[in-house]
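Down below is the structure, laid out as C-alpha cells.
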Amino acid sequence: MSPSGKLIIISGPSGVGKSVVCDELLGRPGFRRVVTCTTREPRDGEEDGRHYHFLCEEEFQKRIASKQFLEHARVHKRLYGTPWGAVEEGMRAGDNVLLNIDVQGAARIREVLKGDPQVEGLEILRNKVTSIFLLPPDLEELERRLSSRDTDSEEEVKTRLERARKEIEEKDKYD
C-alpha cells in the first residue's frame with residue numbers, strides 16, 4: 001500500500017504566527033504535528049514532548065550521529081531538528097504531517113530531497129512535500145509581537161528582527 005500522507009512545511013520569521021496556523025490545521029481531520037527537538041530551554045508553559053523535545057547538546061549530537069533527523073540546524077545559538085521517524089510514521093499512516101520549522105530547516109529538507117545519502121527512506125517524500133512561507137504584515141508589527149511575548153531580551157528581539165529580514169528574502173523558494 002502506498003502512503004497517502006503529505007509533508008507540509010510551515011516557515012517564516014519568529015513571531016509571524018506559525019504555531020497559530022499549525023494549531024488551526026491540527027483542529028482538522030487528517031493532520032498530524034511532528035514535535036521537533038531543540039537544545040534551548042523551555043519557555044514558561046512549554047511542555048517537553050508537546051511543544052518540543054527538549055534535549056541537552058550531548059543527546060542532540062548523539063541523534064545527529066545516528067541519523068535520526070530529517071534536518072537539523074543551529075539557530076539563535078541552539079540546535080533544532082526534525083525527527084525523521086515521526087515524519088515517516090505520520091505519512092505512512094496517511095496523515096498530512098505538519099512541520100513548523102525555520103528557513104534553514106526548510107532549505108535543508110530541499111537539499112535532502114535532492115538525494116542525501118544521510119537519510120534513508122526518502123522515497124516516501126517524493127512529490128509529497130508542500131512548503132508555505134508566512135509573512136508578517138510588516139516589520140513593525142513583527143517587532144511588536146516579538147517584544148510583547150516577553151520571552152526574549154531586547155537584544156534577542158533585535159537579533160530575531162535582523163534574521164527575519166534575511167529569512168523574508170527566501171520566501172520565493174517556497175510553494
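Lettering and numbering for the C-alpha cells are positional, with chains as A, B, ... in the shown order, residues counted from 1 in each chain, and ligands counted from 1 in the shown order.
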
To test your reading of the structure, identify every residue in region 66-165 of chain A that backbone DSSP assigns to strand (DSSP E), and report it as a list in words.
Phe69, Leu70, Glu71, His72, Ala73, Arg74, Val75, Arg78, Leu79, Tyr80, Gly81, Thr82, Pro83, Asn96, Val97, Leu98, Leu99, Asn100, Val129, Thr130, Ser131, Ile132 and Phe133 of chain A

Limited to N, CA, C and O atoms, could you put the picked residues into a file as a PDB file, in the first residue's frame?
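Ended up saving to out24.pdb:
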```
ATOM      1  N   PHE A  69      17.619  12.551  12.382  1.00  0.00           N
ATOM      2  CA  PHE A  69      16.946  13.781  11.966  1.00  0.00           C
ATOM      3  C   PHE A  69      16.794  13.853  10.451  1.00  0.00           C
ATOM      4  O   PHE A  69      17.719  13.535   9.716  1.00  0.00           O
ATOM      5  N   LEU A  70      15.622  14.311  10.012  1.00  0.00           N
ATOM      6  CA  LEU A  70      15.424  14.631   8.598  1.00  0.00           C
ATOM      7  C   LEU A  70      16.249  15.866   8.267  1.00  0.00           C
ATOM      8  O   LEU A  70      16.855  15.964   7.203  1.00  0.00           O
ATOM      9  N   GLU A  71      16.251  16.807   9.189  1.00  0.00           N
ATOM     10  CA  GLU A  71      17.051  18.025   9.051  1.00  0.00           C
ATOM     11  C   GLU A  71      17.397  18.496  10.452  1.00  0.00           C
ATOM     12  O   GLU A  71      16.711  18.176  11.411  1.00  0.00           O
ATOM     13  N   HIS A  72      18.478  19.247  10.532  1.00  0.00           N
ATOM     14  CA  HIS A  72      18.843  19.888  11.796  1.00  0.00           C
ATOM     15  C   HIS A  72      19.698  21.102  11.475  1.00  0.00           C
ATOM     16  O   HIS A  72      20.360  21.160  10.436  1.00  0.00           O
ATOM     17  N   ALA A  73      19.632  22.086  12.358  1.00  0.00           N
ATOM     18  CA  ALA A  73      20.393  23.319  12.146  1.00  0.00           C
ATOM     19  C   ALA A  73      20.592  24.025  13.470  1.00  0.00           C
ATOM     20  O   ALA A  73      19.841  23.816  14.428  1.00  0.00           O
ATOM     21  N   ARG A  74      21.600  24.873  13.487  1.00  0.00           N
ATOM     22  CA  ARG A  74      21.829  25.731  14.649  1.00  0.00           C
ATOM     23  C   ARG A  74      21.175  27.071  14.344  1.00  0.00           C
ATOM     24  O   ARG A  74      21.470  27.694  13.337  1.00  0.00           O
ATOM     25  N   VAL A  75      20.254  27.483  15.216  1.00  0.00           N
ATOM     26  CA  VAL A  75      19.506  28.727  15.042  1.00  0.00           C
ATOM     27  C   VAL A  75      19.535  29.477  16.366  1.00  0.00           C
ATOM     28  O   VAL A  75      19.192  28.910  17.409  1.00  0.00           O
ATOM     29  N   ARG A  78      21.197  27.748  19.280  1.00  0.00           N
ATOM     30  CA  ARG A  78      20.622  26.494  19.763  1.00  0.00           C
ATOM     31  C   ARG A  78      20.409  25.551  18.581  1.00  0.00           C
ATOM     32  O   ARG A  78      20.220  25.986  17.448  1.00  0.00           O
ATOM     33  N   LEU A  79      20.412  24.265  18.856  1.00  0.00           N
ATOM     34  CA  LEU A  79      20.160  23.267  17.822  1.00  0.00           C
ATOM     35  C   LEU A  79      18.670  22.951  17.753  1.00  0.00           C
ATOM     36  O   LEU A  79      17.996  22.880  18.792  1.00  0.00           O
ATOM     37  N   TYR A  80      18.192  22.773  16.534  1.00  0.00           N
ATOM     38  CA  TYR A  80      16.814  22.375  16.281  1.00  0.00           C
ATOM     39  C   TYR A  80      16.850  21.261  15.248  1.00  0.00           C
ATOM     40  O   TYR A  80      17.688  21.288  14.345  1.00  0.00           O
ATOM     41  N   GLY A  81      15.945  20.303  15.349  1.00  0.00           N
ATOM     42  CA  GLY A  81      15.932  19.227  14.374  1.00  0.00           C
ATOM     43  C   GLY A  81      14.580  18.543  14.297  1.00  0.00           C
ATOM     44  O   GLY A  81      13.804  18.544  15.255  1.00  0.00           O
ATOM     45  N   THR A  82      14.328  17.945  13.136  1.00  0.00           N
ATOM     46  CA  THR A  82      13.084  17.233  12.872  1.00  0.00           C
ATOM     47  C   THR A  82      13.348  15.740  12.916  1.00  0.00           C
ATOM     48  O   THR A  82      14.112  15.228  12.087  1.00  0.00           O
ATOM     49  N   PRO A  83      12.721  15.035  13.853  1.00  0.00           N
ATOM     50  CA  PRO A  83      12.911  13.581  13.922  1.00  0.00           C
ATOM     51  C   PRO A  83      12.321  12.891  12.685  1.00  0.00           C
ATOM     52  O   PRO A  83      11.123  12.991  12.425  1.00  0.00           O
ATOM     53  N   ASN A  96      -1.454  14.108   6.926  1.00  0.00           N
ATOM     54  CA  ASN A  96      -0.705  15.263   6.447  1.00  0.00           C
ATOM     55  C   ASN A  96       0.138  15.731   7.627  1.00  0.00           C
ATOM     56  O   ASN A  96      -0.402  16.163   8.644  1.00  0.00           O
ATOM     57  N   VAL A  97       1.436  15.598   7.490  1.00  0.00           N
ATOM     58  CA  VAL A  97       2.362  15.877   8.581  1.00  0.00           C
ATOM     59  C   VAL A  97       2.813  17.329   8.512  1.00  0.00           C
ATOM     60  O   VAL A  97       3.341  17.767   7.488  1.00  0.00           O
ATOM     61  N   LEU A  98       2.584  18.061   9.596  1.00  0.00           N
ATOM     62  CA  LEU A  98       2.961  19.476   9.667  1.00  0.00           C
ATOM     63  C   LEU A  98       4.310  19.650  10.326  1.00  0.00           C
ATOM     64  O   LEU A  98       4.550  19.101  11.401  1.00  0.00           O
ATOM     65  N   LEU A  99       5.149  20.444   9.688  1.00  0.00           N
ATOM     66  CA  LEU A  99       6.431  20.830  10.286  1.00  0.00           C
ATOM     67  C   LEU A  99       6.456  22.338  10.428  1.00  0.00           C
ATOM     68  O   LEU A  99       6.347  23.061   9.446  1.00  0.00           O
ATOM     69  N   ASN A 100       6.604  22.801  11.639  1.00  0.00           N
ATOM     70  CA  ASN A 100       6.758  24.219  11.933  1.00  0.00           C
ATOM     71  C   ASN A 100       8.256  24.434  12.105  1.00  0.00           C
ATOM     72  O   ASN A 100       8.800  24.193  13.183  1.00  0.00           O
ATOM     73  N   VAL A 129       5.621  16.901  -0.831  1.00  0.00           N
ATOM     74  CA  VAL A 129       6.029  17.978   0.067  1.00  0.00           C
ATOM     75  C   VAL A 129       5.492  19.310  -0.448  1.00  0.00           C
ATOM     76  O   VAL A 129       5.635  19.629  -1.626  1.00  0.00           O
ATOM     77  N   THR A 130       4.858  20.059   0.443  1.00  0.00           N
ATOM     78  CA  THR A 130       4.404  21.418   0.136  1.00  0.00           C
ATOM     79  C   THR A 130       5.010  22.338   1.179  1.00  0.00           C
ATOM     80  O   THR A 130       4.933  22.061   2.376  1.00  0.00           O
ATOM     81  N   SER A 131       5.626  23.423   0.716  1.00  0.00           N
ATOM     82  CA  SER A 131       6.232  24.377   1.653  1.00  0.00           C
ATOM     83  C   SER A 131       5.502  25.721   1.577  1.00  0.00           C
ATOM     84  O   SER A 131       5.191  26.207   0.494  1.00  0.00           O
ATOM     85  N   ILE A 132       5.222  26.264   2.760  1.00  0.00           N
ATOM     86  CA  ILE A 132       4.470  27.518   2.877  1.00  0.00           C
ATOM     87  C   ILE A 132       5.280  28.499   3.715  1.00  0.00           C
ATOM     88  O   ILE A 132       5.730  28.156   4.811  1.00  0.00           O
ATOM     89  N   PHE A 133       5.435  29.718   3.202  1.00  0.00           N
ATOM     90  CA  PHE A 133       6.156  30.761   3.933  1.00  0.00           C
ATOM     91  C   PHE A 133       5.159  31.812   4.390  1.00  0.00           C
ATOM     92  O   PHE A 133       4.416  32.375   3.580  1.00  0.00           O
TER      93      PHE A 133
END
```

Just list the residues in region 51-135 of chain A DSSP gives helix (DSSP H, G or I) on the backbone, as a PDB file with N, CA and C atoms, in the first residue's frame.
```
ATOM      1  N   GLU A  57      22.718  19.238  24.694  1.00  0.00           N
ATOM      2  CA  GLU A  57      23.577  19.254  23.496  1.00  0.00           C
ATOM      3  C   GLU A  57      24.125  17.853  23.194  1.00  0.00           C
ATOM      4  N   GLU A  58      24.559  17.151  24.222  1.00  0.00           N
ATOM      5  CA  GLU A  58      25.145  15.821  24.026  1.00  0.00           C
ATOM      6  C   GLU A  58      24.147  14.846  23.407  1.00  0.00           C
ATOM      7  N   GLU A  59      22.924  14.824  23.914  1.00  0.00           N
ATOM      8  CA  GLU A  59      21.891  13.932  23.371  1.00  0.00           C
ATOM      9  C   GLU A  59      21.549  14.307  21.933  1.00  0.00           C
ATOM     10  N   PHE A  60      21.469  15.613  21.655  1.00  0.00           N
ATOM     11  CA  PHE A  60      21.176  16.064  20.293  1.00  0.00           C
ATOM     12  C   PHE A  60      22.272  15.574  19.340  1.00  0.00           C
ATOM     13  N   GLN A  61      23.524  15.732  19.747  1.00  0.00           N
ATOM     14  CA  GLN A  61      24.652  15.297  18.907  1.00  0.00           C
ATOM     15  C   GLN A  61      24.620  13.787  18.671  1.00  0.00           C
ATOM     16  N   LYS A  62      24.226  13.018  19.679  1.00  0.00           N
ATOM     17  CA  LYS A  62      24.106  11.560  19.513  1.00  0.00           C
ATOM     18  C   LYS A  62      23.066  11.241  18.446  1.00  0.00           C
ATOM     19  N   ARG A  63      21.956  11.969  18.467  1.00  0.00           N
ATOM     20  CA  ARG A  63      20.895  11.726  17.484  1.00  0.00           C
ATOM     21  C   ARG A  63      21.327  12.134  16.079  1.00  0.00           C
ATOM     22  N   ILE A  64      22.139  13.182  15.979  1.00  0.00           N
ATOM     23  CA  ILE A  64      22.697  13.552  14.666  1.00  0.00           C
ATOM     24  C   ILE A  64      23.571  12.411  14.158  1.00  0.00           C
ATOM     25  N   ALA A  65      24.450  11.921  15.031  1.00  0.00           N
ATOM     26  CA  ALA A  65      25.386  10.858  14.640  1.00  0.00           C
ATOM     27  C   ALA A  65      24.659   9.582  14.221  1.00  0.00           C
ATOM     28  N   TRP A  84      13.176  12.224  11.929  1.00  0.00           N
ATOM     29  CA  TRP A  84      12.763  11.569  10.699  1.00  0.00           C
ATOM     30  C   TRP A  84      11.716  10.487  10.963  1.00  0.00           C
ATOM     31  N   GLY A  85      11.876   9.714  12.024  1.00  0.00           N
ATOM     32  CA  GLY A  85      10.945   8.628  12.321  1.00  0.00           C
ATOM     33  C   GLY A  85       9.517   9.110  12.484  1.00  0.00           C
ATOM     34  N   ALA A  86       9.319  10.257  13.115  1.00  0.00           N
ATOM     35  CA  ALA A  86       7.973  10.798  13.331  1.00  0.00           C
ATOM     36  C   ALA A  86       7.342  11.252  12.015  1.00  0.00           C
ATOM     37  N   VAL A  87       8.153  11.821  11.116  1.00  0.00           N
ATOM     38  CA  VAL A  87       7.645  12.240   9.801  1.00  0.00           C
ATOM     39  C   VAL A  87       7.209  11.007   9.018  1.00  0.00           C
ATOM     40  N   GLU A  88       8.087  10.038   8.961  1.00  0.00           N
ATOM     41  CA  GLU A  88       7.814   8.815   8.199  1.00  0.00           C
ATOM     42  C   GLU A  88       6.578   8.088   8.750  1.00  0.00           C
ATOM     43  N   GLU A  89       6.480   7.972  10.057  1.00  0.00           N
ATOM     44  CA  GLU A  89       5.340   7.294  10.686  1.00  0.00           C
ATOM     45  C   GLU A  89       4.016   7.978  10.327  1.00  0.00           C
ATOM     46  N   GLY A  90       3.988   9.295  10.419  1.00  0.00           N
ATOM     47  CA  GLY A  90       2.767  10.036  10.104  1.00  0.00           C
ATOM     48  C   GLY A  90       2.349   9.886   8.654  1.00  0.00           C
ATOM     49  N   MET A  91       3.317   9.973   7.768  1.00  0.00           N
ATOM     50  CA  MET A  91       2.998   9.850   6.346  1.00  0.00           C
ATOM     51  C   MET A  91       2.540   8.439   6.006  1.00  0.00           C
ATOM     52  N   ARG A  92       3.181   7.439   6.574  1.00  0.00           N
ATOM     53  CA  ARG A  92       2.777   6.045   6.321  1.00  0.00           C
ATOM     54  C   ARG A  92       1.369   5.776   6.852  1.00  0.00           C
ATOM     55  N   VAL A 103      13.609  28.753   8.248  1.00  0.00           N
ATOM     56  CA  VAL A 103      14.079  28.791   6.858  1.00  0.00           C
ATOM     57  C   VAL A 103      15.251  27.842   6.641  1.00  0.00           C
ATOM     58  N   GLN A 104      16.172  27.770   7.601  1.00  0.00           N
ATOM     59  CA  GLN A 104      17.319  26.863   7.481  1.00  0.00           C
ATOM     60  C   GLN A 104      16.849  25.420   7.377  1.00  0.00           C
ATOM     61  N   GLY A 105      15.895  25.054   8.217  1.00  0.00           N
ATOM     62  CA  GLY A 105      15.379  23.691   8.204  1.00  0.00           C
ATOM     63  C   GLY A 105      14.702  23.358   6.894  1.00  0.00           C
ATOM     64  N   ALA A 106      13.915  24.277   6.378  1.00  0.00           N
ATOM     65  CA  ALA A 106      13.240  24.063   5.097  1.00  0.00           C
ATOM     66  C   ALA A 106      14.259  23.926   3.969  1.00  0.00           C
ATOM     67  N   ALA A 107      15.304  24.738   4.006  1.00  0.00           N
ATOM     68  CA  ALA A 107      16.354  24.650   2.982  1.00  0.00           C
ATOM     69  C   ALA A 107      17.056  23.296   3.063  1.00  0.00           C
ATOM     70  N   ARG A 108      17.277  22.832   4.269  1.00  0.00           N
ATOM     71  CA  ARG A 108      17.928  21.533   4.445  1.00  0.00           C
ATOM     72  C   ARG A 108      17.043  20.414   3.883  1.00  0.00           C
ATOM     73  N   ILE A 109      15.740  20.504   4.084  1.00  0.00           N
ATOM     74  CA  ILE A 109      14.842  19.484   3.538  1.00  0.00           C
ATOM     75  C   ILE A 109      14.873  19.513   2.019  1.00  0.00           C
ATOM     76  N   ARG A 110      14.955  20.693   1.425  1.00  0.00           N
ATOM     77  CA  ARG A 110      15.079  20.777  -0.044  1.00  0.00           C
ATOM     78  C   ARG A 110      16.349  20.056  -0.501  1.00  0.00           C
ATOM     79  N   GLU A 111      17.442  20.225   0.243  1.00  0.00           N
ATOM     80  CA  GLU A 111      18.698  19.527  -0.087  1.00  0.00           C
ATOM     81  C   GLU A 111      18.531  18.023   0.051  1.00  0.00           C
ATOM     82  N   VAL A 112      17.913  17.599   1.144  1.00  0.00           N
ATOM     83  CA  VAL A 112      17.697  16.180   1.399  1.00  0.00           C
ATOM     84  C   VAL A 112      16.883  15.552   0.274  1.00  0.00           C
ATOM     85  N   LEU A 113      15.878  16.272  -0.217  1.00  0.00           N
ATOM     86  CA  LEU A 113      15.016  15.750  -1.274  1.00  0.00           C
ATOM     87  C   LEU A 113      15.766  15.536  -2.589  1.00  0.00           C
ATOM     88  N   LEU A 122      13.818   8.081   1.753  1.00  0.00           N
ATOM     89  CA  LEU A 122      13.303   9.335   1.204  1.00  0.00           C
ATOM     90  C   LEU A 122      12.212   9.170   0.163  1.00  0.00           C
ATOM     91  N   GLU A 123      12.083   7.977  -0.407  1.00  0.00           N
ATOM     92  CA  GLU A 123      11.088   7.791  -1.462  1.00  0.00           C
ATOM     93  C   GLU A 123       9.679   8.162  -0.996  1.00  0.00           C
ATOM     94  N   ILE A 124       9.411   8.070   0.275  1.00  0.00           N
ATOM     95  CA  ILE A 124       8.093   8.421   0.801  1.00  0.00           C
ATOM     96  C   ILE A 124       7.775   9.911   0.609  1.00  0.00           C
ATOM     97  N   LEU A 125       8.816  10.734   0.472  1.00  0.00           N
ATOM     98  CA  LEU A 125       8.624  12.181   0.337  1.00  0.00           C
ATOM     99  C   LEU A 125       8.458  12.649  -1.103  1.00  0.00           C
TER     100      LEU A 125
END
```

Could you name the residues that touch Asp48 (chain A) at 10 Å or less, counting only C-alpha atoms, but leaving out those on the same chain fewer than 5 positions away, as a VMD selection string?
chain A and resid 35 37 42 53 to 55

Selection above as a file: N, CA and C atoms, as a PDB file, in the first residue's frame:
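Result saved to selection-v8.pdb:
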```
ATOM      1  N   VAL A  35       6.606  16.862  16.531  1.00  0.00           N
ATOM      2  CA  VAL A  35       7.249  17.644  17.579  1.00  0.00           C
ATOM      3  C   VAL A  35       8.745  17.619  17.304  1.00  0.00           C
ATOM      4  N   CYS A  37      12.850  18.766  17.892  1.00  0.00           N
ATOM      5  CA  CYS A  37      13.782  18.736  19.018  1.00  0.00           C
ATOM      6  C   CYS A  37      14.565  20.036  19.078  1.00  0.00           C
ATOM      7  N   PRO A  42      13.104  25.375  27.856  1.00  0.00           N
ATOM      8  CA  PRO A  42      11.674  25.610  27.666  1.00  0.00           C
ATOM      9  C   PRO A  42      11.265  26.992  28.162  1.00  0.00           C
ATOM     10  N   HIS A  53      10.783  18.523  21.934  1.00  0.00           N
ATOM     11  CA  HIS A  53      11.535  17.570  22.741  1.00  0.00           C
ATOM     12  C   HIS A  53      12.781  18.357  23.158  1.00  0.00           C
ATOM     13  N   PHE A  54      12.877  18.692  24.425  1.00  0.00           N
ATOM     14  CA  PHE A  54      13.993  19.491  24.924  1.00  0.00           C
ATOM     15  C   PHE A  54      15.145  18.553  25.267  1.00  0.00           C
ATOM     16  N   LEU A  55      16.255  18.715  24.558  1.00  0.00           N
ATOM     17  CA  LEU A  55      17.408  17.836  24.702  1.00  0.00           C
ATOM     18  C   LEU A  55      18.643  18.622  25.124  1.00  0.00           C
TER      19      LEU A  55
END
```

Between A:Asp23, A:Arg43, A:His51, A:Thr38, which has the minimum distance to Asp150 (chain A) (counting only C-alpha atoms)?
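So, comparing all the options, the nearest one is A:Arg43.
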
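Here CA of Leu161 (chain A) stands at a distance of 14.8 Å from CA of Leu134 (chain A).
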
Pick the closest to Ser11 (chain A) from A:Glu156, A:Glu24, A:Asp102, A:Glu169: which is it, counting only C-alpha atoms?
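Ranking A:Glu156, A:Glu24, A:Asp102, A:Glu169 by distance to Ser11 (chain A), first place goes to A:Asp102.
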
For Cys22 (chain A), find every residue with an atom within 10 Å (counting only C-alpha atoms), except residues of its own chain fewer than 4 positions away, and show them as a list in words.
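Final neighbour list, sorted by chain and number: Ile8, Ile9, Ile10, Gly17, Lys18, Leu26, Gly27, Phe31, Arg32, Arg33, Leu98, Leu99 and Asn100 of chain A.
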
Those residues with all heavy atoms, as an mmCIF file, in the first residue's frame please?
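Done, and the output landed in out_11.cif:
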```
data_model
loop_
_atom_site.group_PDB
_atom_site.id
_atom_site.type_symbol
_atom_site.label_atom_id
_atom_site.label_comp_id
_atom_site.auth_asym_id
_atom_site.auth_seq_id
_atom_site.Cartn_x
_atom_site.Cartn_y
_atom_site.Cartn_z
ATOM 1 N N ILE A 8 3.872 18.882 5.031
ATOM 2 C CA ILE A 8 3.590 20.301 4.841
ATOM 3 C C ILE A 8 4.517 21.098 5.749
ATOM 4 O O ILE A 8 4.465 20.964 6.977
ATOM 5 C CB ILE A 8 2.121 20.623 5.150
ATOM 6 C CG1 ILE A 8 1.215 19.786 4.238
ATOM 7 C CG2 ILE A 8 1.842 22.112 4.988
ATOM 8 C CD1 ILE A 8 -0.243 19.813 4.612
ATOM 9 N N ILE A 9 5.360 21.907 5.120
ATOM 10 C CA ILE A 9 6.330 22.723 5.847
ATOM 11 C C ILE A 9 5.757 24.124 6.012
ATOM 12 O O ILE A 9 5.399 24.763 5.023
ATOM 13 C CB ILE A 9 7.666 22.786 5.086
ATOM 14 C CG1 ILE A 9 8.266 21.384 4.957
ATOM 15 C CG2 ILE A 9 8.630 23.750 5.767
ATOM 16 C CD1 ILE A 9 9.421 21.304 3.980
ATOM 17 N N ILE A 10 5.696 24.589 7.253
ATOM 18 C CA ILE A 10 5.257 25.949 7.560
ATOM 19 C C ILE A 10 6.476 26.692 8.092
ATOM 20 O O ILE A 10 7.046 26.307 9.112
ATOM 21 C CB ILE A 10 4.134 25.978 8.633
ATOM 22 C CG1 ILE A 10 2.971 25.061 8.255
ATOM 23 C CG2 ILE A 10 3.695 27.405 8.917
ATOM 24 C CD1 ILE A 10 2.095 25.550 7.145
ATOM 25 N N GLY A 17 3.519 33.799 13.440
ATOM 26 C CA GLY A 17 2.251 33.102 13.658
ATOM 27 C C GLY A 17 2.234 31.675 13.157
ATOM 28 O O GLY A 17 1.162 31.111 12.929
ATOM 29 N N LYS A 18 3.402 31.077 12.997
ATOM 30 C CA LYS A 18 3.469 29.691 12.505
ATOM 31 C C LYS A 18 2.693 28.744 13.419
ATOM 32 O O LYS A 18 1.939 27.898 12.943
ATOM 33 C CB LYS A 18 4.930 29.239 12.393
ATOM 34 C CG LYS A 18 5.758 30.025 11.399
ATOM 35 C CD LYS A 18 7.179 29.516 11.303
ATOM 36 C CE LYS A 18 7.987 29.646 12.569
ATOM 37 N NZ LYS A 18 8.349 31.012 12.949
ATOM 38 N N LEU A 26 -4.316 21.643 12.817
ATOM 39 C CA LEU A 26 -4.382 20.427 13.628
ATOM 40 C C LEU A 26 -5.780 20.173 14.180
ATOM 41 O O LEU A 26 -6.089 19.049 14.585
ATOM 42 C CB LEU A 26 -3.366 20.495 14.769
ATOM 43 C CG LEU A 26 -1.917 20.369 14.316
ATOM 44 C CD1 LEU A 26 -0.964 20.720 15.448
ATOM 45 C CD2 LEU A 26 -1.635 18.975 13.776
ATOM 46 N N GLY A 27 -6.617 21.191 14.163
ATOM 47 C CA GLY A 27 -8.002 21.027 14.583
ATOM 48 C C GLY A 27 -8.861 20.358 13.512
ATOM 49 O O GLY A 27 -10.046 20.105 13.723
ATOM 50 N N PHE A 31 -4.584 15.742 9.940
ATOM 51 C CA PHE A 31 -3.341 16.472 10.151
ATOM 52 C C PHE A 31 -2.656 15.981 11.420
ATOM 53 O O PHE A 31 -3.318 15.683 12.415
ATOM 54 C CB PHE A 31 -3.589 17.983 10.267
ATOM 55 C CG PHE A 31 -3.897 18.635 8.956
ATOM 56 C CD1 PHE A 31 -5.202 18.724 8.496
ATOM 57 C CD2 PHE A 31 -2.881 19.140 8.157
ATOM 58 C CE1 PHE A 31 -5.498 19.310 7.280
ATOM 59 C CE2 PHE A 31 -3.156 19.726 6.936
ATOM 60 C CZ PHE A 31 -4.471 19.816 6.499
ATOM 61 N N ARG A 32 -1.357 15.910 11.365
ATOM 62 C CA ARG A 32 -0.546 15.478 12.500
ATOM 63 C C ARG A 32 0.674 16.390 12.601
ATOM 64 O O ARG A 32 1.287 16.706 11.592
ATOM 65 C CB ARG A 32 -0.095 14.037 12.278
ATOM 66 C CG ARG A 32 0.819 13.510 13.358
ATOM 67 C CD ARG A 32 1.450 12.191 12.980
ATOM 68 N NE ARG A 32 0.464 11.127 12.829
ATOM 69 C CZ ARG A 32 0.739 9.848 13.012
ATOM 70 N NH1 ARG A 32 1.952 9.462 13.350
ATOM 71 N NH2 ARG A 32 -0.199 8.930 12.832
ATOM 72 N N ARG A 33 1.014 16.777 13.792
ATOM 73 C CA ARG A 33 2.193 17.615 14.015
ATOM 74 C C ARG A 33 3.367 16.748 14.410
ATOM 75 O O ARG A 33 3.216 15.812 15.190
ATOM 76 C CB ARG A 33 1.906 18.614 15.139
ATOM 77 C CG ARG A 33 3.094 19.486 15.482
ATOM 78 C CD ARG A 33 2.717 20.520 16.535
ATOM 79 N NE ARG A 33 3.860 21.354 16.838
ATOM 80 C CZ ARG A 33 4.505 21.325 17.990
ATOM 81 N NH1 ARG A 33 4.128 20.529 18.957
ATOM 82 N NH2 ARG A 33 5.542 22.108 18.183
ATOM 83 N N LEU A 98 2.584 18.061 9.596
ATOM 84 C CA LEU A 98 2.961 19.476 9.667
ATOM 85 C C LEU A 98 4.310 19.650 10.326
ATOM 86 O O LEU A 98 4.550 19.101 11.401
ATOM 87 C CB LEU A 98 1.938 20.263 10.490
ATOM 88 C CG LEU A 98 0.569 20.484 9.895
ATOM 89 C CD1 LEU A 98 -0.315 21.195 10.902
ATOM 90 C CD2 LEU A 98 0.664 21.291 8.619
ATOM 91 N N LEU A 99 5.149 20.444 9.688
ATOM 92 C CA LEU A 99 6.431 20.830 10.286
ATOM 93 C C LEU A 99 6.456 22.338 10.428
ATOM 94 O O LEU A 99 6.347 23.061 9.446
ATOM 95 C CB LEU A 99 7.604 20.424 9.397
ATOM 96 C CG LEU A 99 7.984 18.975 9.332
ATOM 97 C CD1 LEU A 99 9.245 18.815 8.495
ATOM 98 C CD2 LEU A 99 8.190 18.397 10.710
ATOM 99 N N ASN A 100 6.604 22.801 11.639
ATOM 100 C CA ASN A 100 6.758 24.219 11.933
ATOM 101 C C ASN A 100 8.256 24.434 12.105
ATOM 102 O O ASN A 100 8.800 24.193 13.183
ATOM 103 C CB ASN A 100 5.982 24.535 13.218
ATOM 104 C CG ASN A 100 6.194 25.942 13.703
ATOM 105 O OD1 ASN A 100 7.080 26.668 13.255
ATOM 106 N ND2 ASN A 100 5.377 26.340 14.657
#
```

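We find CA of Thr39 (chain A) and CA of Lys173 (chain A) to be spaced 27.3 Å apart.
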
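CA of Val34 (chain A) lies 25.3 Å from CA of Leu142 (chain A).
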
Any idea what's packed within 10 Å of Glu143 (chain A), counting only C-alpha atoms, ignoring anything in its chain fewer than 3 positions away? Could you give it as an mmCIF file with N, CA and C atoms, in the first residue's frame?
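Saved as around_9.cif:
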```
data_model
loop_
_atom_site.group_PDB
_atom_site.id
_atom_site.type_symbol
_atom_site.label_atom_id
_atom_site.label_comp_id
_atom_site.auth_asym_id
_atom_site.auth_seq_id
_atom_site.Cartn_x
_atom_site.Cartn_y
_atom_site.Cartn_z
ATOM 1 N N SER A 14 10.453 34.248 13.186
ATOM 2 C CA SER A 14 9.992 34.090 14.556
ATOM 3 C C SER A 14 8.950 35.153 14.864
ATOM 4 N N GLY A 15 7.813 34.729 15.422
ATOM 5 C CA GLY A 15 6.765 35.677 15.787
ATOM 6 C C GLY A 15 5.733 35.932 14.706
ATOM 7 N N VAL A 16 5.836 35.258 13.559
ATOM 8 C CA VAL A 16 4.929 35.529 12.445
ATOM 9 C C VAL A 16 3.570 34.830 12.614
ATOM 10 N N PRO A 136 4.921 38.445 7.823
ATOM 11 C CA PRO A 136 4.244 39.340 8.766
ATOM 12 C C PRO A 136 3.594 40.476 7.988
ATOM 13 N N ASP A 138 4.014 43.571 8.457
ATOM 14 C CA ASP A 138 5.176 44.439 8.231
ATOM 15 C C ASP A 138 6.151 44.201 9.386
ATOM 16 N N LEU A 139 7.359 44.759 9.264
ATOM 17 C CA LEU A 139 8.381 44.517 10.279
ATOM 18 C C LEU A 139 8.072 45.199 11.612
ATOM 19 N N GLU A 140 7.348 46.301 11.575
ATOM 20 C CA GLU A 140 6.969 46.972 12.824
ATOM 21 C C GLU A 140 6.036 46.085 13.639
ATOM 22 N N LEU A 146 7.117 40.256 18.797
ATOM 23 C CA LEU A 146 8.266 39.670 19.489
ATOM 24 C C LEU A 146 8.482 40.313 20.859
ATOM 25 N N SER A 147 8.342 41.618 20.921
ATOM 26 C CA SER A 147 8.532 42.337 22.184
ATOM 27 C C SER A 147 7.440 41.996 23.187
ATOM 28 N N SER A 148 6.222 41.823 22.709
ATOM 29 C CA SER A 148 5.098 41.578 23.618
ATOM 30 C C SER A 148 5.089 40.162 24.173
ATOM 31 N N VAL A 157 15.447 40.254 20.638
ATOM 32 C CA VAL A 157 14.410 40.738 19.710
ATOM 33 C C VAL A 157 15.078 41.369 18.494
ATOM 34 N N LYS A 158 16.120 42.178 18.717
ATOM 35 C CA LYS A 158 16.841 42.801 17.593
ATOM 36 C C LYS A 158 17.459 41.735 16.693
ATOM 37 N N ARG A 160 16.456 38.659 16.296
ATOM 38 C CA ARG A 160 15.382 37.978 15.569
ATOM 39 C C ARG A 160 14.856 38.837 14.416
ATOM 40 N N LEU A 161 14.792 40.148 14.603
ATOM 41 C CA LEU A 161 14.337 41.044 13.525
ATOM 42 C C LEU A 161 15.345 41.077 12.376
ATOM 43 N N ALA A 164 14.881 37.964 10.569
ATOM 44 C CA ALA A 164 13.619 37.990 9.823
ATOM 45 C C ALA A 164 13.803 38.647 8.465
#
```
